[in-house]
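Here the structure is laid out as structure tokens; the discussion comes afterwards.
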Amino acid sequence: VQLQASGGGLVQAGGSLRLSCAASGRASGRMFSNNGMGWFRQAPGKEREFVAGISWSGATTTYPDSVKGRFTISRDRAKNTVYLQMSSLKPEDTAVYYCAAARSAYAPPDSSQYVYWGQGTLVTVSS
């Protein structure tokens, strides 16, 4: 299974971006249908941080307080793609963003519970 993240770029504070993460490869369809998906980010000199998770069905989403109300995760099961819509972006949102597939049907904030990772896409928010 391969995860390909895209959609990063440079945006001014207050702006919006939508990240995409497409799953491909053997078993990707079965994995995407049964597993939770998450987005994480890592800023320079900081630890990787959970920013959004969505259950296998899409019925359950979770966010940390730092992005709640500004970020929205969604998934298109027909396209094997998960999205992260980011709005009201702040300079502190600047980071490399990674998508990941969870070991289970849900998407916990613990990165050790994820088995597949995308390559990351850089988001830079200017003040």
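Chain labels run A, B, ... following the order of the structure tokens; each chain numbers its residues from 1, and ligands are numbered from 1 in the order shown.
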
query: Which polymer residues have any atom within 9 Å of an atom of Thr61 in chain A, counting only C-alpha atoms, with same-chain residues fewer than 2 positions away left out, as a ChimeraX atom specification?
result: /A:52-55,58-59,63,72-74,106-107

Could you dump the residues just selected with all heavy atoms as a PDB file, in the first residue's frame?
ATOM      1  N   ALA A  52      -5.781  15.244  12.792  1.00  0.00           N
ATOM      2  CA  ALA A  52      -7.133  14.831  12.429  1.00  0.00           C
ATOM      3  C   ALA A  52      -7.179  13.327  12.200  1.00  0.00           C
ATOM      4  O   ALA A  52      -6.212  12.735  11.733  1.00  0.00           O
ATOM      5  CB  ALA A  52      -7.613  15.546  11.174  1.00  0.00           C
ATOM      6  N   GLY A  53      -8.323  12.733  12.522  1.00  0.00           N
ATOM      7  CA  GLY A  53      -8.512  11.313  12.276  1.00  0.00           C
ATOM      8  C   GLY A  53      -9.935  11.037  11.863  1.00  0.00           C
ATOM      9  O   GLY A  53     -10.861  11.756  12.268  1.00  0.00           O
ATOM     10  N   ILE A  54     -10.116  10.000  11.039  1.00  0.00           N
ATOM     11  CA  ILE A  54     -11.449   9.635  10.569  1.00  0.00           C
ATOM     12  C   ILE A  54     -11.566   8.119  10.580  1.00  0.00           C
ATOM     13  O   ILE A  54     -10.636   7.401  10.201  1.00  0.00           O
ATOM     14  CB  ILE A  54     -11.716  10.227   9.165  1.00  0.00           C
ATOM     15  CG1 ILE A  54     -13.170  10.025   8.749  1.00  0.00           C
ATOM     16  CG2 ILE A  54     -10.751   9.648   8.129  1.00  0.00           C
ATOM     17  CD1 ILE A  54     -13.565  10.874   7.536  1.00  0.00           C
ATOM     18  N   SER A  55     -12.700   7.639  11.028  1.00  0.00           N
ATOM     19  CA  SER A  55     -12.918   6.202  11.113  1.00  0.00           C
ATOM     20  C   SER A  55     -13.132   5.599   9.733  1.00  0.00           C
ATOM     21  O   SER A  55     -13.296   6.310   8.738  1.00  0.00           O
ATOM     22  CB  SER A  55     -14.118   5.909  12.009  1.00  0.00           C
ATOM     23  OG  SER A  55     -15.289   6.462  11.420  1.00  0.00           O
ATOM     24  N   GLY A  58     -16.165   6.897   8.105  1.00  0.00           N
ATOM     25  CA  GLY A  58     -16.300   8.349   8.018  1.00  0.00           C
ATOM     26  C   GLY A  58     -17.226   8.931   9.060  1.00  0.00           C
ATOM     27  O   GLY A  58     -17.371  10.144   9.151  1.00  0.00           O
ATOM     28  N   ALA A  59     -17.838   8.080   9.859  1.00  0.00           N
ATOM     29  CA  ALA A  59     -18.833   8.553  10.818  1.00  0.00           C
ATOM     30  C   ALA A  59     -18.202   9.248  12.019  1.00  0.00           C
ATOM     31  O   ALA A  59     -18.849  10.074  12.662  1.00  0.00           O
ATOM     32  CB  ALA A  59     -19.700   7.396  11.295  1.00  0.00           C
ATOM     33  N   TYR A  63     -10.206  15.566  16.420  1.00  0.00           N
ATOM     34  CA  TYR A  63      -9.257  16.659  16.227  1.00  0.00           C
ATOM     35  C   TYR A  63      -8.712  17.099  17.584  1.00  0.00           C
ATOM     36  O   TYR A  63      -9.433  17.097  18.570  1.00  0.00           O
ATOM     37  CB  TYR A  63      -9.935  17.872  15.582  1.00  0.00           C
ATOM     38  CG  TYR A  63     -10.705  17.593  14.313  1.00  0.00           C
ATOM     39  CD1 TYR A  63     -12.065  17.294  14.361  1.00  0.00           C
ATOM     40  CD2 TYR A  63     -10.083  17.647  13.067  1.00  0.00           C
ATOM     41  CE1 TYR A  63     -12.779  17.035  13.204  1.00  0.00           C
ATOM     42  CE2 TYR A  63     -10.797  17.397  11.905  1.00  0.00           C
ATOM     43  CZ  TYR A  63     -12.148  17.090  11.991  1.00  0.00           C
ATOM     44  OH  TYR A  63     -12.850  16.832  10.838  1.00  0.00           O
ATOM     45  N   THR A  72     -10.979  20.136   8.743  1.00  0.00           N
ATOM     46  CA  THR A  72     -12.011  19.126   8.546  1.00  0.00           C
ATOM     47  C   THR A  72     -11.435  17.971   7.737  1.00  0.00           C
ATOM     48  O   THR A  72     -10.908  18.188   6.637  1.00  0.00           O
ATOM     49  CB  THR A  72     -13.226  19.701   7.811  1.00  0.00           C
ATOM     50  OG1 THR A  72     -13.762  20.797   8.549  1.00  0.00           O
ATOM     51  CG2 THR A  72     -14.306  18.633   7.654  1.00  0.00           C
ATOM     52  N   ILE A  73     -11.541  16.771   8.279  1.00  0.00           N
ATOM     53  CA  ILE A  73     -11.082  15.590   7.573  1.00  0.00           C
ATOM     54  C   ILE A  73     -12.289  14.887   6.950  1.00  0.00           C
ATOM     55  O   ILE A  73     -13.372  14.858   7.550  1.00  0.00           O
ATOM     56  CB  ILE A  73     -10.298  14.635   8.510  1.00  0.00           C
ATOM     57  CG1 ILE A  73      -9.666  13.493   7.724  1.00  0.00           C
ATOM     58  CG2 ILE A  73     -11.185  14.132   9.640  1.00  0.00           C
ATOM     59  CD1 ILE A  73      -8.711  12.641   8.556  1.00  0.00           C
ATOM     60  N   SER A  74     -12.093  14.345   5.774  1.00  0.00           N
ATOM     61  CA  SER A  74     -13.165  13.606   5.107  1.00  0.00           C
ATOM     62  C   SER A  74     -12.520  12.527   4.237  1.00  0.00           C
ATOM     63  O   SER A  74     -11.310  12.534   4.015  1.00  0.00           O
ATOM     64  CB  SER A  74     -14.025  14.536   4.258  1.00  0.00           C
ATOM     65  OG  SER A  74     -13.242  15.154   3.247  1.00  0.00           O
ATOM     66  N   TYR A 106     -10.452   2.585  13.503  1.00  0.00           N
ATOM     67  CA  TYR A 106     -10.540   3.951  13.988  1.00  0.00           C
ATOM     68  C   TYR A 106      -9.193   4.643  13.884  1.00  0.00           C
ATOM     69  O   TYR A 106      -8.199   4.017  13.497  1.00  0.00           O
ATOM     70  CB  TYR A 106     -11.107   3.959  15.418  1.00  0.00           C
ATOM     71  CG  TYR A 106     -12.528   3.480  15.426  1.00  0.00           C
ATOM     72  CD1 TYR A 106     -12.824   2.131  15.564  1.00  0.00           C
ATOM     73  CD2 TYR A 106     -13.575   4.367  15.214  1.00  0.00           C
ATOM     74  CE1 TYR A 106     -14.132   1.683  15.515  1.00  0.00           C
ATOM     75  CE2 TYR A 106     -14.889   3.932  15.171  1.00  0.00           C
ATOM     76  CZ  TYR A 106     -15.156   2.584  15.323  1.00  0.00           C
ATOM     77  OH  TYR A 106     -16.443   2.146  15.257  1.00  0.00           O
ATOM     78  N   ALA A 107      -9.160   5.922  14.194  1.00  0.00           N
ATOM     79  CA  ALA A 107      -7.967   6.727  13.959  1.00  0.00           C
ATOM     80  C   ALA A 107      -7.546   7.412  15.245  1.00  0.00           C
ATOM     81  O   ALA A 107      -7.897   8.571  15.481  1.00  0.00           O
ATOM     82  CB  ALA A 107      -8.228   7.754  12.860  1.00  0.00           C
TER      83      ALA A 107
END

task: Go through range 3-116 of chain A and collect every residue that DSSP, computed from the backbone, puts in alpha helix (DSSP H); the answer should be as a PyMOL selection string.
output: chain A and resi 28-34

task: Identify all residues of chain A in strand (DSSP E) (DSSP on the backbone) and supply them as a PyMOL selection string.
output: chain A and resi 2-6+9-12+17-24+37-42+49-54+61-62+71-76+81-86+95-102+114-117+121-126

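Using only C-alpha atoms, the contacts of range 90-96 of chain A at a cut-off of 6 Å, with sequence neighbours closer than 6 positions omitted, comprise Ala13, Arg41, Gln42, Ala43, Gly120, Thr121, Leu122, Val123, Thr124, Val125, Ser126 and Ser127 of chain A.
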
Test item: residues at most 9 Å from Tyr83 in chain A, only C-alpha atoms, excluding those fewer than 2 positions along its chain, as a JSON list (two decimals) with all heavy atoms, in the first residue's frame:
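Saved as around.json:
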[["chain", "number", "residue", "atom", "x", "y", "z"],
["A", 18, "ARG", "N", -6.46, 22.66, 0.85],
["A", 18, "ARG", "CA", -7.00, 21.31, 0.99],
["A", 18, "ARG", "C", -5.93, 20.31, 0.60],
["A", 18, "ARG", "O", -5.40, 20.34, -0.52],
["A", 18, "ARG", "CB", -8.24, 21.10, 0.11],
["A", 18, "ARG", "CG", -8.92, 19.76, 0.42],
["A", 18, "ARG", "CD", -10.18, 19.52, -0.38],
["A", 18, "ARG", "NE", -9.92, 19.07, -1.74],
["A", 18, "ARG", "CZ", -10.79, 18.37, -2.46],
["A", 18, "ARG", "NH1", -11.98, 18.06, -1.95],
["A", 18, "ARG", "NH2", -10.49, 18.01, -3.69],
["A", 19, "LEU", "N", -5.63, 19.44, 1.53],
["A", 19, "LEU", "CA", -4.67, 18.37, 1.28],
["A", 19, "LEU", "C", -5.42, 17.11, 0.87],
["A", 19, "LEU", "O", -6.54, 16.86, 1.33],
["A", 19, "LEU", "CB", -3.83, 18.08, 2.53],
["A", 19, "LEU", "CG", -3.11, 19.27, 3.16],
["A", 19, "LEU", "CD1", -2.27, 18.80, 4.35],
["A", 19, "LEU", "CD2", -2.27, 20.01, 2.15],
["A", 20, "SER", "N", -4.78, 16.34, 0.02],
["A", 20, "SER", "CA", -5.34, 15.06, -0.42],
["A", 20, "SER", "C", -4.35, 13.96, -0.14],
["A", 20, "SER", "O", -3.14, 14.17, -0.15],
["A", 20, "SER", "CB", -5.66, 15.09, -1.91],
["A", 20, "SER", "OG", -6.59, 16.08, -2.23],
["A", 21, "CYS", "N", -4.87, 12.76, 0.06],
["A", 21, "CYS", "CA", -4.02, 11.59, 0.28],
["A", 21, "CYS", "C", -4.69, 10.41, -0.42],
["A", 21, "CYS", "O", -5.76, 9.97, -0.01],
["A", 21, "CYS", "CB", -3.86, 11.31, 1.77],
["A", 21, "CYS", "SG", -2.93, 9.81, 2.14],
["A", 22, "ALA", "N", -4.04, 9.94, -1.47],
["A", 22, "ALA", "CA", -4.59, 8.85, -2.26],
["A", 22, "ALA", "C", -3.86, 7.55, -1.95],
["A", 22, "ALA", "O", -2.63, 7.52, -1.91],
["A", 22, "ALA", "CB", -4.47, 9.17, -3.74],
["A", 39, "TRP", "N", -4.24, 12.33, 9.79],
["A", 39, "TRP", "CA", -3.28, 13.33, 9.33],
["A", 39, "TRP", "C", -2.44, 13.75, 10.53],
["A", 39, "TRP", "O", -2.98, 13.99, 11.62],
["A", 39, "TRP", "CB", -3.97, 14.55, 8.75],
["A", 39, "TRP", "CG", -4.53, 14.37, 7.38],
["A", 39, "TRP", "CD1", -5.82, 14.05, 7.06],
["A", 39, "TRP", "CD2", -3.85, 14.51, 6.13],
["A", 39, "TRP", "NE1", -5.97, 13.98, 5.70],
["A", 39, "TRP", "CE2", -4.77, 14.26, 5.10],
["A", 39, "TRP", "CE3", -2.53, 14.83, 5.78],
["A", 39, "TRP", "CZ2", -4.43, 14.31, 3.75],
["A", 39, "TRP", "CZ3", -2.19, 14.88, 4.44],
["A", 39, "TRP", "CH2", -3.13, 14.62, 3.44],
["A", 72, "THR", "N", -10.98, 20.14, 8.74],
["A", 72, "THR", "CA", -12.01, 19.13, 8.55],
["A", 72, "THR", "C", -11.44, 17.97, 7.74],
["A", 72, "THR", "O", -10.91, 18.19, 6.64],
["A", 72, "THR", "CB", -13.23, 19.70, 7.81],
["A", 72, "THR", "OG1", -13.76, 20.80, 8.55],
["A", 72, "THR", "CG2", -14.31, 18.63, 7.65],
["A", 73, "ILE", "N", -11.54, 16.77, 8.28],
["A", 73, "ILE", "CA", -11.08, 15.59, 7.57],
["A", 73, "ILE", "C", -12.29, 14.89, 6.95],
["A", 73, "ILE", "O", -13.37, 14.86, 7.55],
["A", 73, "ILE", "CB", -10.30, 14.64, 8.51],
["A", 73, "ILE", "CG1", -9.67, 13.49, 7.72],
["A", 73, "ILE", "CG2", -11.19, 14.13, 9.64],
["A", 73, "ILE", "CD1", -8.71, 12.64, 8.56],
["A", 74, "SER", "N", -12.09, 14.35, 5.77],
["A", 74, "SER", "CA", -13.17, 13.61, 5.11],
["A", 74, "SER", "C", -12.52, 12.53, 4.24],
["A", 74, "SER", "O", -11.31, 12.53, 4.02],
["A", 74, "SER", "CB", -14.03, 14.54, 4.26],
["A", 74, "SER", "OG", -13.24, 15.15, 3.25],
["A", 75, "ARG", "N", -13.35, 11.60, 3.78],
["A", 75, "ARG", "CA", -12.81, 10.54, 2.93],
["A", 75, "ARG", "C", -13.80, 10.19, 1.84],
["A", 75, "ARG", "O", -15.01, 10.26, 2.04],
["A", 75, "ARG", "CB", -12.45, 9.30, 3.75],
["A", 75, "ARG", "CG", -13.60, 8.59, 4.42],
["A", 75, "ARG", "CD", -13.08, 7.57, 5.44],
["A", 75, "ARG", "NE", -12.23, 6.56, 4.85],
["A", 75, "ARG", "CZ", -11.42, 5.76, 5.54],
["A", 75, "ARG", "NH1", -11.36, 5.86, 6.85],
["A", 75, "ARG", "NH2", -10.68, 4.87, 4.92],
["A", 76, "ASP", "N", -13.25, 9.83, 0.69],
["A", 76, "ASP", "CA", -14.04, 9.37, -0.44],
["A", 76, "ASP", "C", -13.65, 7.92, -0.67],
["A", 76, "ASP", "O", -12.59, 7.64, -1.23],
["A", 76, "ASP", "CB", -13.74, 10.23, -1.67],
["A", 76, "ASP", "CG", -14.63, 9.90, -2.86],
["A", 76, "ASP", "OD1", -15.05, 8.73, -2.97],
["A", 76, "ASP", "OD2", -14.89, 10.80, -3.67],
["A", 81, "THR", "N", -9.40, 8.00, -1.23],
["A", 81, "THR", "CA", -8.73, 9.27, -0.94],
["A", 81, "THR", "C", -9.28, 9.89, 0.33],
["A", 81, "THR", "O", -10.49, 9.84, 0.57],
["A", 81, "THR", "CB", -8.88, 10.25, -2.11],
["A", 81, "THR", "OG1", -8.31, 9.66, -3.29],
["A", 81, "THR", "CG2", -8.17, 11.56, -1.83],
["A", 85, "GLN", "N", -9.26, 19.53, 4.84],
["A", 85, "GLN", "CA", -9.57, 20.92, 4.52],
["A", 85, "GLN", "C", -9.13, 21.79, 5.68],
["A", 85, "GLN", "O", -9.57, 21.59, 6.81],
["A", 85, "GLN", "CB", -11.07, 21.08, 4.28],
["A", 85, "GLN", "CG", -11.49, 22.51, 3.98],
["A", 85, "GLN", "CD", -10.98, 23.00, 2.64],
["A", 85, "GLN", "OE1", -11.09, 22.31, 1.63],
["A", 85, "GLN", "NE2", -10.41, 24.20, 2.62]]

message: Could you list, as a PyMOL selection string, every residue within 9 Å of Ser88 in chain A, counting only C-alpha atoms and ignoring same-chain residues fewer than 3 positions away?
response: chain A and resi 13-16+70-71

- prompt: Do you have the CA of Gly8 in chain A-CA of Arg26 in chain A distance handy?
  reply: 26.1 Å

task: For CA of Gln113 in chain A and CA of Arg48 in chain A, quote the distance in Å rounded to one decimal.
output: 13.4 Å

query: Trp56 in chain A: which residues within 7 Å, counting only C-alpha atoms, same-chain residues fewer than 4 positions away excluded, as a ChimeraX atom specification?
result: /A:33-36,105-106

message: Give me the residues near Ser24 in chain A as number ranges by chain, where near means some atom within 12 Å (using only C-alpha atoms) and where sequence neighbours in that chain fewer than 2 positions away do not count.
response: A: 1-5, 21-22, 26-32, 79-81, 101, 116, 118
